[in-house]
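Undergrad: I am attaching a structure below and will ask some questions about it afterwards.
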Amino acid sequence: MGQRRPWEVDDGLWERIEPLLPKVERRFRHPGRKRLDDRKALCGIMFVLYTAIPWEFLPQELGYGSGMTCWRRLRDWTEAGVWQRLHELLLAELHAAGQLDWSRAAVDGSHVRALKGGPKTGPSPVDRARVGSKHHVITDGTGIPLAATLTGGNRHDVTQLMPLIHAIPAVRGRRGRPRRRPQRLYADRAYDHDKYRKLVRAAGITPLIARRGQEHGSGLGVHRWVVEGAFALLHWFRRLRIRWEIRDDIHEAFLTLGCAIICWRRLKAHSIC
């Protein structure tokens, strides 16, 4: 057998996704054309995520249906909250396996160009004021994305600090209360505001944020590098390197799906070990 292509959904991931998908009953009267199999549609969505190919150019010979069919399925599943629930499910499995490090977390933002504009875009201060967006991510101590948000490219990183913390879901998987707060939070100088340090402490987290004006070598980088690694993994998906979607919810769907796939890879690596 040939090697599985990365955008093909393996059995383990499909077993987790299928129960989350909304059920669509086929009409008995005037049923029309048979509905494309959900797993094939998901493979089409994954193909676009991995390759960034325009929807209308999705190769028909792959058997994933038309690009418009896959786009509609992505839209419908996004509205049903499938991707967030998948991410939370995989986080719970990682937590149950002892693969989440809650002793520390790291946060950062990354610019992406938005070629078609749309909501949550703005002039990027690091890209000669070209229209762009920002991905904001908070990870656990090993680089697993706990939450991600999308803003305009002109939004300051620190404005998303508390929204990211609040976006961490209540992660189940072990006996007792669900876990949703790391013990310590590492961030670079962009987050150096005493107001936000107080807010982070009020949330029950110890902030460890580099201060502006001080020489490099604070020692915080040995803990913050994991979030840079998470961005490298997310932007390995070509659809996340550049924002092609005008609709912000569709781009956020790809972002959350990317986070879930990173979790799935870690979970599979742990089970193999």
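Letters A, B, ... go to the chains of the structure tokens in the order shown; residues in each chain start at 1; ligands are counted from 1 in the same order.
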Report the residues of range 100-193 of chain A whose backbone DSSP state falls under strand (DSSP E), written as a PDB file with C-alpha atoms, in the first residue's frame.
TA:
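File produced: out_36.pdb:
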ATOM      1  CA  ARG A 104       3.270  27.103  32.177  1.00  0.00           C
ATOM      2  CA  ALA A 105       1.857  28.591  29.001  1.00  0.00           C
ATOM      3  CA  ALA A 106       3.163  30.908  26.297  1.00  0.00           C
ATOM      4  CA  VAL A 107       1.378  33.492  24.170  1.00  0.00           C
ATOM      5  CA  ASP A 108       2.251  35.381  20.978  1.00  0.00           C
ATOM      6  CA  GLY A 109       0.845  36.832  17.759  1.00  0.00           C
ATOM      7  CA  SER A 110       1.813  36.440  14.108  1.00  0.00           C
ATOM      8  CA  HIS A 111       0.949  38.553  11.043  1.00  0.00           C
ATOM      9  CA  VAL A 112      -0.512  37.072   7.859  1.00  0.00           C
ATOM     10  CA  ARG A 113      -1.317  38.974   4.706  1.00  0.00           C
ATOM     11  CA  ALA A 114      -5.025  39.225   3.787  1.00  0.00           C
ATOM     12  CA  GLY A 122      -6.279  46.081   8.961  1.00  0.00           C
ATOM     13  CA  PRO A 123      -3.088  47.851   7.864  1.00  0.00           C
ATOM     14  CA  VAL A 131      -3.934  44.741   4.602  1.00  0.00           C
ATOM     15  CA  GLY A 132      -3.438  41.824   6.938  1.00  0.00           C
ATOM     16  CA  SER A 133      -4.704  39.837   9.889  1.00  0.00           C
ATOM     17  CA  LYS A 134      -3.130  38.460  13.015  1.00  0.00           C
ATOM     18  CA  HIS A 135      -3.199  34.980  14.473  1.00  0.00           C
ATOM     19  CA  HIS A 136      -2.983  34.987  18.265  1.00  0.00           C
ATOM     20  CA  VAL A 137      -2.193  31.712  20.026  1.00  0.00           C
ATOM     21  CA  ILE A 138      -1.746  30.511  23.600  1.00  0.00           C
ATOM     22  CA  THR A 139      -0.047  27.147  24.111  1.00  0.00           C
ATOM     23  CA  ASP A 140       0.713  24.843  27.008  1.00  0.00           C
ATOM     24  CA  PRO A 145      -2.375  25.194  21.084  1.00  0.00           C
ATOM     25  CA  LEU A 146      -4.954  25.719  23.827  1.00  0.00           C
ATOM     26  CA  ALA A 147      -6.785  28.555  22.056  1.00  0.00           C
ATOM     27  CA  ALA A 148      -6.405  30.826  19.023  1.00  0.00           C
ATOM     28  CA  THR A 149      -8.032  34.070  17.924  1.00  0.00           C
ATOM     29  CA  LEU A 150      -8.071  36.221  14.787  1.00  0.00           C
ATOM     30  CA  THR A 151      -7.862  40.025  14.634  1.00  0.00           C
ATOM     31  CA  GLY A 152      -6.951  42.765  12.200  1.00  0.00           C
ATOM     32  CA  ARG A 184       2.433  30.663  34.778  1.00  0.00           C
ATOM     33  CA  LEU A 185       2.237  32.662  31.554  1.00  0.00           C
ATOM     34  CA  TYR A 186       5.307  33.633  29.494  1.00  0.00           C
ATOM     35  CA  ALA A 187       5.182  36.501  26.993  1.00  0.00           C
TER      36      ALA A 187
END
Undergrad: For His235 in chain A, work out the shell of residues within 12 Å, counting only C-alpha atoms and skipping chain neighbours fewer than 6 positions away, then give it as JSON, numbers by chain.
TA: {"A": [49, 50, 51, 52, 110, 111, 112, 135, 228, 229, 241, 242, 243, 254, 255, 258, 259, 262]}
Undergrad: May I have all residues of range 32-69 of chain A that DSSP, computed from the backbone, assigns to alpha helix (DSSP H), given as a ChimeraX atom specification?
TA: /A:38-51,67-69
Undergrad: Enter the distance from CA of Trp244 in chain A to CA of Gly117 in chain A, in Å, rounded to one decimal.
TA: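 If I compute the distance from CA of Trp244 in chain A to CA of Gly117 in chain A, I get 8.4 Å.
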Undergrad: Please produce, as a tab-separated table, a per-residue contact table for range 191-251 of chain A versus range 82-95 of chain A (criterion: any atom at most 12 Å away, only C-alpha atoms considered), showing the nearest atom pair and its distance in Å to one decimal, sorted by chain then residue number.
TA:
residue	atom	partner	partner_atom	distance
A:Asp249	CA	A:Trp83	CA	11.4
A:Ile250	CA	A:Trp83	CA	11.0
A:His251	CA	A:Trp83	CA	11.9
Undergrad: Can you write out the residues you just picked, keeping N, CA, C and O atoms, as a compact mmCIF listing (two decimals), in the first residue's frame?
TA:
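For reference, result-v2.txt as written:
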# COMPACT_ATOMS: atom_id res chain seq x y z
N ASP A 249 -15.10 34.03 9.54
CA ASP A 249 -15.44 32.77 10.20
C ASP A 249 -14.85 31.57 9.47
O ASP A 249 -14.48 30.57 10.11
N ILE A 250 -14.70 31.66 8.15
CA ILE A 250 -14.12 30.56 7.39
C ILE A 250 -12.63 30.46 7.69
O ILE A 250 -12.08 29.36 7.86
N HIS A 251 -11.95 31.60 7.76
CA HIS A 251 -10.52 31.56 8.09
C HIS A 251 -10.32 31.07 9.52
O HIS A 251 -9.39 30.30 9.80
